[in-house]
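This is model_20.txt (compact mmCIF, C-alpha atoms).
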```txt
# COMPACT_ATOMS: atom_id res chain seq x y z
CA MET A 25 266.74 0.43 145.50
CA SER A 26 268.58 2.32 148.07
CA ARG A 27 269.24 5.86 147.14
CA PRO A 28 270.68 8.44 149.47
CA LYS A 29 267.99 10.91 150.27
CA LEU A 30 268.89 14.33 149.12
CA PRO A 31 267.52 17.12 151.17
CA ARG A 32 264.96 19.01 149.17
CA LYS A 33 266.15 22.47 148.39
CA SER A 34 263.92 25.39 147.75
CA THR A 35 263.89 26.51 144.15
CA SER A 36 263.10 30.12 144.90
CA VAL A 37 266.10 32.32 144.46
CA ASP A 38 266.62 35.52 146.29
CA MET A 39 266.02 38.21 143.71
CA THR A 40 267.16 41.16 145.76
CA ALA A 41 270.72 41.21 144.48
CA MET A 42 269.63 40.91 140.88
CA CYS A 43 267.09 43.65 141.42
CA ASP A 44 269.80 45.88 142.83
CA VAL A 45 272.00 45.35 139.80
CA ALA A 46 269.12 45.89 137.40
CA PHE A 47 268.18 49.20 138.91
CA LEU A 48 271.77 50.34 139.21
CA LEU A 49 272.18 49.79 135.47
CA LEU A 50 268.83 51.40 134.86
CA SER A 51 269.77 54.56 136.71
CA PHE A 52 273.09 54.62 134.84
CA PHE A 53 271.37 54.49 131.48
CA ILE A 54 268.73 57.01 132.44
CA LEU A 55 271.38 59.47 133.53
CA THR A 56 273.74 58.99 130.59
CA THR A 57 271.16 58.80 127.86
CA LYS A 58 270.79 61.61 125.43
CA PHE A 59 267.78 61.18 123.28
CA LYS A 60 268.20 61.28 119.59
CA PRO A 61 266.68 64.57 118.56
CA SER A 62 263.71 63.91 116.35
CA GLU A 63 264.75 65.17 113.00
CA ALA A 64 262.44 66.42 110.36
CA ILE A 65 264.82 65.32 107.67
CA THR A 66 266.02 61.76 107.97
CA VAL A 67 269.59 61.38 106.86
CA ALA A 68 271.83 58.34 107.21
CA THR A 69 275.36 59.65 107.23
CA PRO A 70 278.29 57.65 105.89
CA SER A 71 281.19 56.78 108.14
CA SER A 72 284.74 58.06 108.04
CA VAL A 73 287.90 57.80 110.10
CA ALA A 74 287.68 61.44 111.15
CA SER A 75 287.72 61.61 114.92
CA LYS A 76 286.83 65.22 115.55
CA ILE A 77 283.42 65.63 117.13
CA ALA A 78 281.04 67.67 115.04
CA PRO A 79 280.09 70.98 116.67
CA ASP A 80 276.53 71.12 117.93
CA LYS A 81 276.05 74.86 118.17
CA ASP A 82 276.92 77.98 116.21
CA PHE A 83 276.84 76.22 112.91
CA VAL A 84 275.33 76.56 109.52
CA MET A 85 274.32 73.20 108.18
CA VAL A 86 273.42 72.12 104.71
CA THR A 87 271.59 68.82 104.60
CA ILE A 88 271.22 66.65 101.54
CA ASP A 89 268.62 63.93 101.86
CA LYS A 90 268.44 60.66 99.99
CA ASP A 91 266.58 62.16 97.05
CA GLY A 92 269.19 64.87 96.67
CA LYS A 93 266.96 67.57 98.14
CA VAL A 94 268.88 70.29 99.90
CA PHE A 95 267.95 71.99 103.15
CA LEU A 96 269.64 74.75 105.06
CA SER A 97 269.60 75.22 108.80
CA ILE A 98 271.12 78.00 110.84
CA ASP A 99 271.03 77.86 114.61
CA ASP A 100 271.79 81.48 115.44
CA GLU A 101 268.54 83.43 115.61
CA SER A 102 270.12 86.85 115.26
CA LYS A 103 271.74 85.77 112.00
CA LYS A 104 268.43 84.43 110.77
CA GLU A 105 266.84 87.76 111.56
CA ALA A 106 269.49 89.53 109.51
CA ILE A 107 268.91 87.14 106.62
CA ALA A 108 265.14 87.62 106.79
CA ASN A 109 265.53 91.38 106.70
CA ALA A 110 267.94 91.16 103.81
CA LEU A 111 265.54 88.92 101.91
CA ASN A 112 262.65 91.28 102.54
CA SER A 113 264.55 94.28 101.31
CA THR A 114 266.14 92.70 98.24
CA LYS A 115 263.41 90.37 97.07
CA ASN A 116 260.29 91.97 98.49
CA LEU A 117 258.99 88.67 99.73
CA GLY A 118 257.22 89.99 102.77
CA ILE A 119 258.55 87.30 105.05
CA ASP A 120 257.38 87.09 108.61
CA VAL A 121 260.68 87.71 110.40
CA ASN A 122 259.58 85.97 113.58
CA ALA A 123 258.48 82.86 111.76
CA PHE A 124 261.75 82.88 109.89
CA LYS A 125 263.63 83.08 113.17
CA LYS A 126 261.70 80.16 114.60
CA ALA A 127 262.06 77.96 111.54
CA GLU A 128 264.45 75.09 112.11
CA PHE A 129 265.40 74.73 108.49
CA PHE A 130 264.60 76.07 105.09
CA GLY A 131 263.79 73.82 102.22
CA THR A 132 262.09 75.61 99.41
CA SER A 133 262.69 78.15 96.68
CA PHE A 134 262.71 81.84 97.53
CA SER A 135 259.37 82.45 95.84
CA GLN A 136 257.67 79.78 97.98
CA LEU A 137 259.27 80.94 101.21
CA PRO A 138 256.30 82.86 102.71
CA GLN A 139 254.03 79.82 102.21
CA PHE A 140 256.74 77.56 103.60
CA LEU A 141 256.96 79.60 106.79
CA ALA A 142 253.21 79.41 107.26
CA LEU A 143 253.22 75.61 107.19
CA PRO A 144 252.27 73.85 110.43
CA LYS A 145 254.95 71.84 112.17
CA GLU A 146 253.59 68.45 111.17
CA LYS A 147 254.00 69.30 107.53
CA LEU A 148 257.66 70.22 107.93
CA LYS A 149 258.97 66.86 106.88
CA GLY A 150 261.82 66.35 104.49
CA GLU A 151 259.91 64.14 102.11
CA LEU A 152 257.00 66.57 101.75
CA LEU A 153 259.12 69.58 100.89
CA PRO A 154 260.71 70.48 97.60
CA GLY A 155 264.12 71.45 98.98
CA ILE A 156 266.23 74.38 97.89
CA PRO A 157 266.64 74.22 94.12
CA VAL A 158 270.20 73.31 93.19
CA GLN A 159 269.58 71.56 89.89
CA ASP A 160 272.38 73.13 87.89
CA SER A 161 274.52 76.19 87.71
CA THR A 162 271.74 78.31 86.19
CA ASN A 163 269.15 77.46 88.80
CA ASN A 164 271.18 77.20 91.96
CA GLU A 165 269.51 79.17 94.74
CA MET A 166 272.03 77.77 97.19
CA ILE A 167 274.47 80.34 95.84
CA GLU A 168 272.15 83.13 96.95
CA TRP A 169 271.50 81.48 100.28
CA MET A 170 275.21 81.19 100.94
CA GLN A 171 275.63 84.80 99.90
CA LEU A 172 273.04 85.78 102.51
CA VAL A 173 274.75 83.62 105.12
CA PHE A 174 278.09 85.15 104.22
CA ASN A 175 276.71 88.67 104.64
CA ALA A 176 275.01 87.81 107.91
CA TYR A 177 278.18 86.34 109.35
CA GLN A 178 280.43 89.11 108.19
CA GLY A 179 282.54 90.36 111.04
CA SER A 180 281.75 87.48 113.34
CA GLN A 181 283.46 84.21 112.74
CA MET A 182 281.29 81.31 111.82
CA LYS A 183 282.18 78.28 113.89
CA ALA A 184 281.52 75.71 111.29
CA LEU A 185 279.94 75.14 107.98
CA LEU A 186 278.60 71.64 108.08
CA LEU A 187 277.50 69.47 105.24
CA LYS A 188 275.40 66.46 106.09
CA GLY A 189 274.66 64.18 103.23
CA ASP A 190 272.75 60.96 102.97
CA ASN A 191 274.51 57.77 101.93
CA ASN A 192 272.40 57.41 98.84
CA SER A 193 272.16 60.96 97.62
CA LYS A 194 273.60 61.36 94.17
CA TYR A 195 276.80 63.25 93.54
CA PRO A 196 275.39 66.17 91.46
CA SER A 197 273.52 67.74 94.38
CA PHE A 198 276.68 67.49 96.46
CA LYS A 199 278.65 69.08 93.64
CA ASN A 200 276.16 71.91 93.25
CA VAL A 201 276.26 72.63 96.97
CA ILE A 202 280.05 72.72 96.83
CA THR A 203 279.85 75.07 93.87
CA ALA A 204 277.65 77.37 95.95
CA PHE A 205 280.23 77.25 98.77
CA LYS A 206 283.05 77.99 96.39
CA LYS A 207 281.28 80.90 94.75
CA ASN A 208 281.02 82.58 98.14
CA ASP A 209 284.54 81.78 99.24
CA PHE A 210 283.51 79.26 101.84
CA LEU A 211 286.51 77.10 101.12
CA LYS A 212 286.60 75.23 104.39
CA PHE A 213 283.76 73.07 105.50
CA GLN A 214 283.14 69.92 107.44
CA MET A 215 281.14 66.89 106.57
CA VAL A 216 279.15 65.13 109.24
CA THR A 217 279.97 61.44 109.40
CA ASN A 218 279.80 58.52 111.77
CA PRO A 219 283.02 57.50 113.43
CA GLU A 220 284.83 54.48 112.11
CA ASN A 221 288.03 52.73 113.11
CA VAL A 222 291.19 53.26 111.13
CA PRO A 223 292.04 50.02 109.30
CA GLU A 224 295.14 48.37 110.68
CA GLY A 225 298.37 48.53 108.75
CA THR A 226 297.54 51.63 106.73
CA ASP A 227 299.67 54.74 106.72
CA LEU A 228 297.29 56.71 108.91
CA TRP A 229 297.17 53.83 111.37
CA ILE A 230 300.98 53.81 111.54
CA THR A 231 301.07 57.58 112.09
CA ASN A 232 298.49 57.27 114.85
CA GLN A 233 300.47 54.52 116.52
CA LYS A 234 303.63 56.62 116.47
CA GLY A 235 302.01 59.83 117.59
CA GLY A 236 299.91 58.25 120.31
CA ALA A 237 296.30 59.30 120.39
CA LYS A 238 296.63 62.23 118.06
CA PRO A 239 293.46 63.55 116.53
CA THR A 240 293.05 62.48 112.93
CA SER A 241 290.69 65.12 111.74
CA GLU A 242 292.92 66.50 109.04
CA MET B 17 267.46 39.22 152.44
CA ALA B 18 264.16 40.56 151.34
CA GLU B 19 262.42 39.82 154.52
CA MET B 20 262.12 41.57 157.78
CA ASP B 21 262.20 40.30 161.26
CA THR B 22 258.60 40.35 162.32
CA SER B 23 258.92 38.34 165.47
CA GLY B 24 258.32 41.59 167.35
CA GLY B 25 260.52 41.71 170.44
CA GLY B 26 260.09 38.19 171.75
CA GLY B 27 256.33 38.24 171.83
CA HIS B 28 255.78 39.16 175.42
CA LYS B 29 253.19 41.81 174.81
CA LYS B 30 250.19 39.77 175.06
CA GLY B 31 247.10 41.39 176.27
CA PRO B 32 244.74 39.53 178.48
CA GLY B 33 242.96 37.16 176.28
CA GLY B 34 244.34 38.92 173.22
CA LYS B 35 244.17 37.16 169.94
CA LYS B 36 247.40 36.17 168.36
CA ALA B 37 247.79 38.05 165.14
CA LYS B 38 248.68 35.73 162.36
CA LYS B 39 252.28 36.17 161.31
CA MET B 40 252.39 37.17 157.72
CA SER B 41 255.50 36.61 155.67
CA THR B 42 256.98 39.85 154.45
CA ARG B 43 258.89 38.13 151.75
CA VAL B 44 258.04 39.74 148.45
CA ASP B 45 258.54 38.12 145.11
CA LEU B 46 260.93 40.45 143.33
CA THR B 47 260.89 38.71 139.97
CA PRO B 48 258.40 41.07 138.28
CA MET B 49 260.38 44.03 139.52
CA VAL B 50 263.57 42.62 138.04
CA ASP B 51 261.70 41.99 134.79
CA LEU B 52 260.56 45.58 134.71
CA GLY B 53 264.05 46.81 135.53
CA PHE B 54 265.61 44.93 132.67
CA LEU B 55 262.87 45.97 130.30
CA LEU B 56 263.62 49.60 131.05
CA ILE B 57 267.36 48.97 130.73
CA THR B 58 266.86 47.52 127.27
CA PHE B 59 264.74 50.51 126.32
CA PHE B 60 267.39 52.97 127.42
CA ILE B 61 270.19 51.01 125.79
CA PHE B 62 268.39 51.13 122.47
CA THR B 63 267.41 54.78 122.59
CA THR B 64 270.72 56.11 123.79
CA THR B 65 273.18 57.60 121.32
CA MET B 66 276.62 56.58 122.36
CA SER B 67 278.55 57.69 119.33
CA GLN B 68 278.67 61.37 118.60
CA PRO B 69 278.79 62.29 114.94
CA THR B 70 282.20 63.33 113.78
CA ALA B 71 283.14 65.94 111.25
CA MET B 72 285.44 65.40 108.34
CA LYS B 73 287.23 68.46 107.09
CA LEU B 74 287.47 69.32 103.45
CA ASN B 75 289.31 72.32 102.14
CA LEU B 76 288.43 73.41 98.66
CA PRO B 77 290.87 75.08 96.36
CA LYS B 78 289.93 78.46 95.00
CA ASP B 79 288.95 78.27 91.38
CA ALA B 80 291.76 79.57 89.22
CA ASP B 81 290.59 82.34 86.94
CA LYS B 82 293.25 81.91 84.31
CA PRO B 83 294.47 78.63 82.93
CA GLU B 84 298.08 79.55 83.61
CA ASN B 85 297.34 79.79 87.35
CA GLU B 86 296.07 76.26 87.51
CA THR B 87 298.05 73.80 89.51
CA LYS B 88 300.18 71.62 87.33
CA ALA B 89 300.81 68.05 88.21
CA LYS B 90 303.44 65.70 86.92
CA GLU B 91 301.83 63.28 84.58
CA SER B 92 303.61 60.23 85.90
CA ALA B 93 302.67 61.01 89.47
CA VAL B 94 298.95 61.36 88.91
CA LEU B 95 296.43 58.74 89.81
CA THR B 96 292.90 59.40 88.61
CA ILE B 97 290.08 57.61 90.38
CA MET B 98 286.59 57.68 88.96
CA LEU B 99 283.42 56.64 90.70
CA GLY B 100 280.46 55.18 88.90
CA LYS B 101 277.14 53.77 89.95
CA ASP B 102 276.73 50.66 92.14
CA ASN B 103 280.00 51.29 94.00
CA ASN B 104 282.10 50.83 90.88
CA VAL B 105 285.56 52.32 90.96
CA PHE B 106 287.73 52.97 87.94
CA TYR B 107 291.23 54.33 87.78
CA TYR B 108 294.11 55.09 85.50
CA GLU B 109 297.61 56.34 86.01
CA GLY B 110 298.96 59.38 84.25
CA GLN B 111 297.23 60.43 81.08
CA LEU B 112 294.25 58.48 79.84
CA ASP B 113 295.07 56.42 76.80
CA PRO B 114 292.78 57.42 73.90
CA ALA B 115 291.83 53.81 73.36
CA GLY B 116 291.32 53.32 77.06
CA ALA B 117 294.16 50.79 77.39
CA ASN B 118 295.19 51.93 80.87
CA PHE B 119 291.62 52.32 82.08
CA LYS B 120 291.15 49.79 84.85
CA THR B 121 288.23 48.64 86.92
CA SER B 122 288.46 48.18 90.65
CA THR B 123 286.36 47.99 93.78
CA PHE B 124 286.40 49.83 97.05
CA LYS B 125 288.26 46.95 98.66
CA GLU B 126 291.01 46.90 96.09
CA ILE B 127 291.39 50.61 95.51
CA ARG B 128 293.36 51.00 98.74
CA ASN B 129 296.08 48.71 97.43
CA VAL B 130 296.12 50.62 94.16
CA ILE B 131 296.62 53.90 96.03
CA ILE B 132 299.28 52.44 98.32
CA ASP B 133 301.08 50.84 95.40
CA LYS B 134 301.07 54.08 93.40
CA LYS B 135 302.19 56.03 96.44
CA ARG B 136 305.18 53.74 96.97
CA ARG B 137 306.24 54.08 93.37
CA THR B 138 306.11 57.86 93.14
CA ASN B 139 307.87 60.74 94.75
CA GLU B 140 305.76 61.87 97.67
CA LYS B 141 306.02 65.53 96.73
CA ASP B 142 304.57 64.99 93.29
CA PHE B 143 301.91 62.45 94.11
CA VAL B 144 298.44 63.72 93.30
CA VAL B 145 295.18 61.85 93.29
CA ILE B 146 292.36 63.20 91.16
CA LEU B 147 288.88 62.12 92.13
CA LYS B 148 286.17 62.21 89.53
CA PRO B 149 282.76 61.07 90.66
CA ASN B 150 280.28 60.83 87.82
CA GLU B 151 276.67 61.89 88.15
CA GLU B 152 275.50 58.41 89.09
CA SER B 153 277.83 57.93 92.02
CA VAL B 154 276.38 58.37 95.48
CA TYR B 155 277.51 60.61 98.31
CA ARG B 156 278.68 57.69 100.41
CA ASN B 157 281.17 56.67 97.75
CA VAL B 158 282.51 60.20 97.57
CA ILE B 159 283.01 60.23 101.34
CA ASP B 160 284.53 56.76 101.23
CA ILE B 161 287.08 57.75 98.66
CA LEU B 162 287.90 60.98 100.52
CA ASP B 163 288.29 58.82 103.58
CA GLU B 164 290.66 56.56 101.66
CA MET B 165 292.75 59.68 101.06
CA SER B 166 293.08 60.35 104.76
CA ILE B 167 293.57 56.66 105.56
CA ASN B 168 296.49 56.47 103.16
CA VAL B 169 297.75 59.96 104.05
CA VAL B 170 297.57 61.33 100.54
CA LYS B 171 298.52 64.96 100.96
CA ARG B 172 297.32 66.24 97.62
CA TYR B 173 294.04 65.28 96.10
CA ALA B 174 291.37 67.10 94.17
CA LEU B 175 287.73 66.64 93.31
CA VAL B 176 287.37 67.32 89.62
CA ASP B 177 284.45 67.17 87.22
CA ILE B 178 284.46 64.13 85.01
CA SER B 179 285.10 64.55 81.31
CA ASP B 180 282.77 63.19 78.64
CA GLY B 181 285.30 60.70 77.34
CA GLU B 182 285.86 59.20 80.77
CA ASN B 183 282.17 59.11 81.45
CA GLN B 184 281.54 57.20 78.25
CA LEU B 185 284.25 54.71 79.15
CA ILE B 186 282.62 54.18 82.53
CA LYS B 187 279.21 53.70 80.96
CA ALA B 188 280.61 51.23 78.43
CA THR B 189 282.44 49.26 81.12
CA GLU B 190 279.41 49.21 83.38
CA ALA B 191 277.19 48.05 80.54
CA SER B 192 279.56 45.25 79.57
CA SER B 193 280.03 44.07 83.14
CA ALA B 194 276.27 44.06 83.65
CA ALA B 195 275.88 41.87 80.57
CA GLN B 196 278.24 39.31 82.05
CA PRO B 197 276.77 36.83 84.50
CA ALA B 198 277.31 37.86 88.07
CA LYS B 199 280.24 36.20 89.75
```
Is it possible to give me this structure as structure tokens?
Amino acid sequence: MSRPKLPRKSTSVDMTAMCDVAFLLLSFFILTTKFKPSEAITVATPSSVASKIAPDKDFVMVTIDKDGKVFLSIDDESKKEAIANALNSTKNLGIDVNAFKKAEFFGTSFSQLPQFLALPKEKLKGELLPGIPVQDSTNNEMIEWMQLVFNAYQGSQMKALLLKGDNNSKYPSFKNVITAFKKNDFLKFQMVTNPENVPEGTDLWITNQKGGAKPTSE
Amino acid sequence: MAEMDTSGGGGHKKGPGGKKAKKMSTRVDLTPMVDLGFLLITFFIFTTTMSQPTAMKLNLPKDADKPENETKAKESAVLTIMLGKDNNVFYYEGQLDPAGANFKTSTFKEIRNVIIDKKRRTNEKDFVVILKPNEESVYRNVIDILDEMSINVVKRYALVDISDGENQLIKATEASSAAQPAK
């Protein structure tokens, strides 16, 4: 059997180039990454075709979790201070104003608020808390909360009133929150959603095609 | 590539009787480093949030105090969409027939065609869609149907509380469809 002798080639490959690429990508991802903020309340938002980016500061956000529990968060500390003072004077709750200012969200009835503020951070989890009562029109503390927010923001314009609901929360809690908004004349609000593509061939798609890359937030 | 020239200037610096240092290869095996690099890349890819959440606007109408101030809609131009549990969608055009003859069942896939079809057939100025989620519908469905409104560029739509009669019809339809074997 005569077979041409092939020269034996080394099987070791030079890894330097691959290493370069790997670390280039690594540095790209390290620099562009923005960690998901660890949230006390886990909410899976639905998706919509709205393309406007949700504001991430100067907002008042109402969160509805999957069990329909409602939480309120305000990111402006001076407004929170005003609300705490108003609560202390009208309801005599004896709230610790500083703790109120530091609290990331509120999720309990007014009567339980002092105990809520004393809770350690590990206990501030959505599933452990009762949420703001919004059962029906007679027991809807959200109305009072929104009244307080309205008073605190009087004079200065609120950037955005955000509503962040979970996919599986039932409609009544959403309706009761909207009722609370309406009662206080907050008639414009935004709902936090995940972006989604506009289906092809629909009217909105046609409008977008004609108008170029026009925002579709409305 | 990953090696250095270690021949050291031609090798003419030999001391008298000096020992020849053994030439060590400077070639390093980079495979573990590449492994580590890609491991970290995967980690960062998974933890990164590429898509920013968006915000969908909703403007509420002010509640009319008196019945005469309420917005009137032409009966023929109204499409009422109701949402039930388990992603069920129901709709009727115009006024609801007392016997429920024009009460139809649909799904989220088909409802778009219903809206488009109704929109084509009616005068754009009069066209109103009334959305009535019942207490068993979930938030996602409400957002989906509001999204359908913006997808199909429906200018006028309203979220309205469901009436008892409609709710009973939904319950009855859901019960009867549950009794049927699943398709």
>> Around the point (277.8, 69.5, 111.7) (coordinates from the file), which residues reach within 8 Å if we count only C-alpha atoms? Answer as a PyMOL selection string.
In response: (chain A and resi 78-80+83-85+184-188+214-216) or (chain B and resi 69-71)
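For the pair CA of Lys212 (chain A) and CA of Met170 (chain A), the separation is 13.3 Å.
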Report as JSON the centre and the edge lengths, in Å to one decimal, of the axis-aligned box holding every listed atom of region 124-137 of chain B, padded by 3 Å on each side.
```
{"center_x": 296.3, "center_y": 51.5, "center_z": 96.1, "size_x": 25.8, "size_y": 15.1, "size_z": 11.4}
```
>> Residues proximal to (290.7, 67.4, 99.0) were defined as those with any atom within 7 Å of that point in the file's coordinates, counting all atoms listed in the file. Which are they, as JSON, numbers by chain?
In response: {"B": [74, 75, 76, 172, 173, 174, 175]}
>> Give me, as JSON, numbers by chain, the residues of chain B touching chain A, with the criterion being at most 6 Å (counting all atoms listed in the file).
In response: {"B": [46, 50, 53, 54, 57, 60, 64, 69, 70, 71, 72, 73, 74, 75, 76, 151, 153, 154, 155, 156, 163, 167, 168, 169]}
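One distance worth recording is that between CA of Pro77 (chain B) and CA of Met98 (chain B), which is 19.4 Å.
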>> My list of candidates is B:Leu99, B:Ile146, B:Met49, B:Val44. Which is closest to Asn183 (chain B) when distances are computed with only C-alpha atoms?
In response: B:Leu99
>> Using only C-alpha atoms, which protein or nucleic acid residues come within 12 Å of Asn118 (chain B)? Drop anything in the same chain fewer than 6 positions from it, and give the result as a ChimeraX atom specification.
In response: /B:95-96,106-112,182,185
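A straight line drawn from CA of Asn103 (chain B) to CA of Asn139 (chain B) is 29.4 Å long.
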>> I want to know what sits within 10 Å of Phe124 (chain B), based on only C-alpha atoms, with residues of the same chain fewer than 2 positions away left out; could you give that as a ChimeraX atom specification?
In response: /B:99,103-106,122,126-129,157,160-161,164
Start from the incomplete input, build N, CA, C and O atoms for region 145-160 of chain B, and deliver everything as a PDB file, in the coordinates of the input.
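Saved result, result.pdb, follows:
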```pdb
ATOM      1  N   VAL B 145     296.300  62.718  93.645  1.00  0.00           N
ATOM      2  CA  VAL B 145     295.180  61.850  93.290  1.00  0.00           C
ATOM      3  C   VAL B 145     294.036  62.754  92.823  1.00  0.00           C
ATOM      4  O   VAL B 145     293.713  63.738  93.476  1.00  0.00           O
ATOM      5  N   ILE B 146     293.497  62.433  91.671  1.00  0.00           N
ATOM      6  CA  ILE B 146     292.360  63.200  91.160  1.00  0.00           C
ATOM      7  C   ILE B 146     291.122  62.333  91.265  1.00  0.00           C
ATOM      8  O   ILE B 146     291.104  61.191  90.818  1.00  0.00           O
ATOM      9  N   LEU B 147     290.105  62.878  91.906  1.00  0.00           N
ATOM     10  CA  LEU B 147     288.880  62.120  92.130  1.00  0.00           C
ATOM     11  C   LEU B 147     287.798  62.656  91.211  1.00  0.00           C
ATOM     12  O   LEU B 147     287.523  63.854  91.198  1.00  0.00           O
ATOM     13  N   LYS B 148     287.206  61.774  90.457  1.00  0.00           N
ATOM     14  CA  LYS B 148     286.170  62.210  89.530  1.00  0.00           C
ATOM     15  C   LYS B 148     284.920  61.373  89.700  1.00  0.00           C
ATOM     16  O   LYS B 148     284.766  60.339  89.066  1.00  0.00           O
ATOM     17  N   PRO B 149     284.018  61.810  90.547  1.00  0.00           N
ATOM     18  CA  PRO B 149     282.760  61.070  90.660  1.00  0.00           C
ATOM     19  C   PRO B 149     281.855  61.432  89.486  1.00  0.00           C
ATOM     20  O   PRO B 149     281.783  62.599  89.120  1.00  0.00           O
ATOM     21  N   ASN B 150     281.216  60.471  88.880  1.00  0.00           N
ATOM     22  CA  ASN B 150     280.280  60.830  87.820  1.00  0.00           C
ATOM     23  C   ASN B 150     278.898  61.059  88.418  1.00  0.00           C
ATOM     24  O   ASN B 150     278.703  60.919  89.626  1.00  0.00           O
ATOM     25  N   GLU B 151     277.943  61.413  87.569  1.00  0.00           N
ATOM     26  CA  GLU B 151     276.670  61.890  88.150  1.00  0.00           C
ATOM     27  C   GLU B 151     275.845  60.761  88.746  1.00  0.00           C
ATOM     28  O   GLU B 151     274.863  60.999  89.410  1.00  0.00           O
ATOM     29  N   GLU B 152     276.264  59.519  88.531  1.00  0.00           N
ATOM     30  CA  GLU B 152     275.500  58.410  89.090  1.00  0.00           C
ATOM     31  C   GLU B 152     276.088  57.877  90.383  1.00  0.00           C
ATOM     32  O   GLU B 152     275.527  56.993  91.002  1.00  0.00           O
ATOM     33  N   SER B 153     277.229  58.409  90.775  1.00  0.00           N
ATOM     34  CA  SER B 153     277.830  57.930  92.020  1.00  0.00           C
ATOM     35  C   SER B 153     277.092  58.560  93.194  1.00  0.00           C
ATOM     36  O   SER B 153     276.517  59.630  93.080  1.00  0.00           O
ATOM     37  N   VAL B 154     277.113  57.871  94.317  1.00  0.00           N
ATOM     38  CA  VAL B 154     276.380  58.370  95.480  1.00  0.00           C
ATOM     39  C   VAL B 154     277.350  59.026  96.465  1.00  0.00           C
ATOM     40  O   VAL B 154     278.553  58.801  96.428  1.00  0.00           O
ATOM     41  N   TYR B 155     276.745  59.819  97.332  1.00  0.00           N
ATOM     42  CA  TYR B 155     277.510  60.610  98.310  1.00  0.00           C
ATOM     43  C   TYR B 155     278.396  59.719  99.179  1.00  0.00           C
ATOM     44  O   TYR B 155     279.524  60.071  99.490  1.00  0.00           O
ATOM     45  N   ARG B 156     277.887  58.552  99.544  1.00  0.00           N
ATOM     46  CA  ARG B 156     278.680  57.690 100.410  1.00  0.00           C
ATOM     47  C   ARG B 156     279.998  57.299  99.753  1.00  0.00           C
ATOM     48  O   ARG B 156     281.039  57.259 100.398  1.00  0.00           O
ATOM     49  N   ASN B 157     279.949  57.032  98.446  1.00  0.00           N
ATOM     50  CA  ASN B 157     281.170  56.670  97.750  1.00  0.00           C
ATOM     51  C   ASN B 157     282.159  57.817  97.724  1.00  0.00           C
ATOM     52  O   ASN B 157     283.368  57.603  97.820  1.00  0.00           O
ATOM     53  N   VAL B 158     281.629  59.032  97.579  1.00  0.00           N
ATOM     54  CA  VAL B 158     282.510  60.200  97.570  1.00  0.00           C
ATOM     55  C   VAL B 158     283.215  60.312  98.928  1.00  0.00           C
ATOM     56  O   VAL B 158     284.426  60.509  99.005  1.00  0.00           O
ATOM     57  N   ILE B 159     282.427  60.161 100.001  1.00  0.00           N
ATOM     58  CA  ILE B 159     283.010  60.230 101.340  1.00  0.00           C
ATOM     59  C   ILE B 159     284.004  59.089 101.547  1.00  0.00           C
ATOM     60  O   ILE B 159     285.091  59.281 102.092  1.00  0.00           O
ATOM     61  N   ASP B 160     283.641  57.900 101.062  1.00  0.00           N
ATOM     62  CA  ASP B 160     284.530  56.760 101.230  1.00  0.00           C
ATOM     63  C   ASP B 160     285.868  56.998 100.551  1.00  0.00           C
ATOM     64  O   ASP B 160     286.926  56.663 101.103  1.00  0.00           O
TER      65      ASP B 160
END
```
